[in-house]
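Novice: Structure in structure tokens, see below.
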Amino acid sequence: MTVQQPLNNLIRNSIHALSMILAGVNGTQIDAYDEALGEPTEEAVTLSLRIQQVILHETGIVDICDPLGGSYYLEWLTNEVERKTYELLETIEKQGGYIKCLESGWFKRVTAESAYKWRKKLESGERVLVGVNKYVSDSGHQVKVFSPDPEAEKMAIENVQRHRRERDNEKCRASLERLRQESIRVEHSETDGNLMEAIVQAARDGATLGEIQAVLRDVFGIDKGSSE
Amino acid sequence: MKEKIRFLLTKSRLDAHDRAVLTVASALKEAGMEVIFIEFGTPEDLVMSAIQEDVDMIGIGFAAGGCVRVTEEVIRLLKKRGIDNLPIIVGGTIHPNDAVKLKEIGVREVFPGGSSFSQITNFIRFCVPGTRYS
């Protein structure tokens, strides 16, 4: 997704969508072409849906389950992805497993490094991104950028305030306290770590996402796995 | 003469999009700067880190809106502590209207998506004179 010549993203997204379907995914969600500029406009979101509809109705690709099955190159690529995945899993295991890698910031570090390498290849021109480092035009982006209704924020705040007034606060507090106790047990490794039931119950009793997250932050802390 | 530019690079903890800002962190480090990266909870956190780390400049990244309000508050809190010359730059997914407002409230420069590393590093060196790299 690029800021420069944003309509190119519509072309990129169409190719992405087609490759996903060729690969046999169970579901797709196509980003709007203007999401590098801000919140998407309704027009851009609708066009994302149209990409899928065009592929569905106009290409015939849904008549066959694995159109690229048997392609030598694709089978080879699939094996390569598998091989490299196992290599990566081994690297993770050697460092003590997933949790250790998360806590040491290793995941964030390697992701950031790879993003930096990719970006540097763009800046040096080693890798081409159309409209960014090749076929550049200086006309600026001509698409309109979504602007939220200034009233929306006020309405959202009023909504939460009304919700807090109208719910059974006693019940809600009790649920959040139960979530806290369950979380403490998880933090002390007394249970396997599944908080879903307590979270769902808190939500059913009217707790907001922010209140639920506050409990979790309070017990488990923040910035785990952040690296600099 | 200072050895290195000390730069506070920061984004809100409420927004998980950190790939771009961490990429900028790498670029600044490679350009010889000392980068302090934090995810802030409130503008107050951000200002406290800037003071405690004695930074030469602040860069705030936004990917999910609220950039004018937060930056305004940061500038107000800095002023309250008598700091009114610490240069601030803002980057990320910035609405064109917000970019104008940010400049109006005193942000030195805005680097929306698509800005190059050299644009950012050159500007920082321009803002922080008297260092080896400026």
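Here's how to read the names in the structure tokens: chain A, B, ... by the order shown, residue numbers from 1 in each chain, ligand numbers from 1 in the order shown.
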I want to know what sits within 9 Å of range 143-160 of chain A, based on only C-alpha atoms, with residues of the same chain fewer than 3 positions away left out; could you give that as a ChimeraX atom specification?
Specialist: /A:5-7,34,37-42,163-165,208 /B:95-96
Novice: Now that the selection is made, can you save its residues with all heavy atoms as a compact mmCIF listing (two decimals), in the first residue's frame?
Specialist:
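Result saved to out30.txt:
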# COMPACT_ATOMS: atom_id res chain seq x y z
N GLN A 5 0.59 7.90 -5.64
CA GLN A 5 -0.30 7.35 -6.67
C GLN A 5 -1.21 6.26 -6.07
O GLN A 5 -1.14 5.09 -6.45
CB GLN A 5 0.51 6.77 -7.84
CG GLN A 5 1.45 7.78 -8.48
CD GLN A 5 2.23 7.21 -9.65
OE1 GLN A 5 1.89 6.18 -10.22
NE2 GLN A 5 3.29 7.91 -10.02
N PRO A 6 -2.06 6.63 -5.11
CA PRO A 6 -2.82 5.63 -4.35
C PRO A 6 -3.73 4.73 -5.18
O PRO A 6 -4.03 3.61 -4.77
CB PRO A 6 -3.62 6.47 -3.35
CG PRO A 6 -3.53 7.87 -3.81
CD PRO A 6 -2.32 8.00 -4.63
N LEU A 7 -4.14 5.20 -6.37
CA LEU A 7 -5.01 4.33 -7.18
C LEU A 7 -4.26 3.08 -7.64
O LEU A 7 -4.89 2.07 -7.96
CB LEU A 7 -5.57 5.10 -8.37
CG LEU A 7 -6.76 6.02 -8.02
CD1 LEU A 7 -7.07 6.97 -9.15
CD2 LEU A 7 -7.99 5.19 -7.66
N ASP A 34 -7.11 3.52 -0.31
CA ASP A 34 -6.67 4.80 0.26
C ASP A 34 -6.26 4.69 1.72
O ASP A 34 -6.15 5.69 2.42
CB ASP A 34 -7.77 5.86 0.09
CG ASP A 34 -9.07 5.46 0.77
OD1 ASP A 34 -9.15 4.34 1.31
OD2 ASP A 34 -10.02 6.27 0.75
N LEU A 37 -3.47 6.65 3.36
CA LEU A 37 -3.67 8.10 3.53
C LEU A 37 -4.47 8.43 4.78
O LEU A 37 -4.41 9.54 5.29
CB LEU A 37 -4.41 8.67 2.31
CG LEU A 37 -3.74 8.46 0.96
CD1 LEU A 37 -4.70 8.82 -0.17
CD2 LEU A 37 -2.49 9.30 0.86
N GLY A 38 -5.24 7.47 5.26
CA GLY A 38 -6.07 7.72 6.43
C GLY A 38 -7.17 6.67 6.52
O GLY A 38 -7.08 5.62 5.89
N GLU A 39 -8.19 6.99 7.29
CA GLU A 39 -9.35 6.10 7.32
C GLU A 39 -9.92 6.00 5.91
O GLU A 39 -9.94 7.00 5.19
CB GLU A 39 -10.41 6.68 8.26
CG GLU A 39 -10.03 6.69 9.72
CD GLU A 39 -9.84 5.29 10.27
OE1 GLU A 39 -10.74 4.45 10.06
OE2 GLU A 39 -8.80 5.03 10.89
N PRO A 40 -10.38 4.83 5.49
CA PRO A 40 -10.86 4.71 4.11
C PRO A 40 -12.19 5.42 3.88
O PRO A 40 -13.00 5.55 4.80
CB PRO A 40 -11.02 3.20 3.93
CG PRO A 40 -11.19 2.66 5.30
CD PRO A 40 -10.42 3.56 6.22
N THR A 41 -12.40 5.87 2.64
CA THR A 41 -13.69 6.43 2.28
C THR A 41 -14.63 5.28 1.94
O THR A 41 -14.19 4.16 1.66
CB THR A 41 -13.56 7.32 1.03
OG1 THR A 41 -12.96 6.54 -0.01
CG2 THR A 41 -12.71 8.54 1.30
N GLU A 42 -15.91 5.56 1.94
CA GLU A 42 -16.90 4.52 1.63
C GLU A 42 -16.70 4.02 0.20
O GLU A 42 -16.81 2.82 -0.08
CB GLU A 42 -18.31 5.07 1.81
CG GLU A 42 -19.35 3.98 1.71
CD GLU A 42 -20.60 4.29 2.50
OE1 GLU A 42 -20.64 5.32 3.18
OE2 GLU A 42 -21.54 3.47 2.41
N HIS A 163 -24.07 4.23 28.69
CA HIS A 163 -23.94 2.80 28.95
C HIS A 163 -23.57 2.55 30.42
O HIS A 163 -24.13 1.69 31.08
CB HIS A 163 -22.88 2.20 28.01
CG HIS A 163 -22.53 0.78 28.32
ND1 HIS A 163 -23.37 -0.25 28.01
CD2 HIS A 163 -21.44 0.23 28.91
CE1 HIS A 163 -22.80 -1.38 28.41
NE2 HIS A 163 -21.63 -1.11 28.94
N ARG A 164 -22.62 3.35 30.93
CA ARG A 164 -22.17 3.15 32.32
C ARG A 164 -23.27 3.52 33.32
O ARG A 164 -23.33 2.96 34.41
CB ARG A 164 -20.93 4.00 32.59
CG ARG A 164 -19.71 3.39 31.94
CD ARG A 164 -18.44 4.10 32.41
NE ARG A 164 -17.29 3.39 31.88
CZ ARG A 164 -16.21 3.99 31.38
NH1 ARG A 164 -16.13 5.30 31.36
NH2 ARG A 164 -15.22 3.28 30.92
N ARG A 165 -24.10 4.49 32.95
CA ARG A 165 -25.21 4.87 33.84
C ARG A 165 -26.27 3.79 33.89
O ARG A 165 -26.83 3.50 34.93
CB ARG A 165 -25.86 6.16 33.34
CG ARG A 165 -25.29 7.43 33.94
CD ARG A 165 -26.25 8.61 33.76
NE ARG A 165 -26.79 8.74 32.41
CZ ARG A 165 -26.15 9.38 31.41
NH1 ARG A 165 -24.97 9.92 31.61
NH2 ARG A 165 -26.68 9.46 30.20
N THR A 208 -16.81 -2.48 29.58
CA THR A 208 -16.34 -2.01 28.28
C THR A 208 -14.99 -2.66 27.96
O THR A 208 -14.31 -3.17 28.85
CB THR A 208 -16.17 -0.48 28.25
OG1 THR A 208 -15.12 -0.14 29.16
CG2 THR A 208 -17.45 0.23 28.65
N HIS B 95 -3.51 13.25 8.10
CA HIS B 95 -4.46 13.87 7.18
C HIS B 95 -3.90 15.23 6.72
O HIS B 95 -3.34 15.96 7.54
CB HIS B 95 -5.79 14.09 7.92
CG HIS B 95 -6.94 14.41 7.02
ND1 HIS B 95 -7.06 15.63 6.42
CD2 HIS B 95 -8.00 13.66 6.62
CE1 HIS B 95 -8.17 15.63 5.68
NE2 HIS B 95 -8.75 14.43 5.79
N PRO B 96 -4.04 15.56 5.41
CA PRO B 96 -3.49 16.83 4.91
C PRO B 96 -3.94 18.04 5.74
O PRO B 96 -3.14 18.94 6.01
CB PRO B 96 -4.02 16.91 3.48
CG PRO B 96 -4.30 15.50 3.09
CD PRO B 96 -4.64 14.75 4.34
Novice: Residues of chain A near chain B: apply a cut-off of 12 Å, count only C-alpha atoms, and supply the list as an MDAnalysis selection string.
Specialist: chainID A and resid 1:6 34:40 107:124 129 131:133 140:148 150 153 210 213:214 217 222:224 226:228
Novice: Extract the full set of alpha helix (DSSP H) residues from range 36-180 of chain A according to DSSP on the backbone, and format it as a PyMOL selection string.
Specialist: chain A and resi 42-58+72-94+98-104+106-124+150-166+169-180
Novice: For CA of Arg127 in chain A and CA of Arg12 in chain A, quote the distance in Å rounded to one decimal.
Specialist: 15.7 Å
Novice: Can you work out the spacing between CA of Ser49 in chain B and CA of Phe7 in chain B in Å, to one decimal?
Specialist: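 Pair CA of Ser49 in chain B / CA of Phe7 in chain B returns 11.0 Å.
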Novice: For Arg6 in chain B, which residue among B:Gly66, B:Gly82, B:Gly106, B:Gly59 is the nearest when counting only C-alpha atoms?
Specialist: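 Ranked by minimum distance to Arg6 in chain B, first place goes to B:Gly59.
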Novice: Go through A:Leu10, A:Gln201, A:Leu68, A:Arg185 one by one, measure the shortest atom-to-atom distance of each to Ser48 in chain A using only C-alpha atoms, and give the residue with the smallest value.
Specialist: A:Leu10
Novice: Measuring atom to atom with only C-alpha atoms, identify which of B:Val90, B:Met33, B:Phe62, B:Glu53 is nearest to Leu14 in chain B.
Specialist: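 Between B:Val90, B:Met33, B:Phe62, B:Glu53, the residue approaching Leu14 in chain B most closely is B:Phe62.
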Novice: I'd like the contact shell of range 175-184 of chain A - 12 Å cut-off, only C-alpha atoms, skipping same-chain residues fewer than 3 positions apart - returned as an NGL selection string.
Specialist: :A and (168-172 or 187-221)
Novice: I want to know what sits within 8 Å of Val68 in chain B, based on only C-alpha atoms, with residues of the same chain fewer than 6 positions away left out; could you give that as an MDAnalysis selection string?
Specialist: chainID B and resid 98 101:102
Novice: Given the choices B:Ala16, B:Ile89, B:Ile105, B:Ala99, which gets closest to Asp56 in chain B if the distance is worked out from only C-alpha atoms?
Specialist: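 For Asp56 in chain B, the nearest of the candidates is B:Ile89.
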Novice: Quick check for you: according to DSSP on this backbone, which residues of chain B are classed as strand (DSSP E or B)? Reply as a ChimeraX atom specification.
Specialist: /B:2,6-12,34-40,57-62,88-92,109-112,131
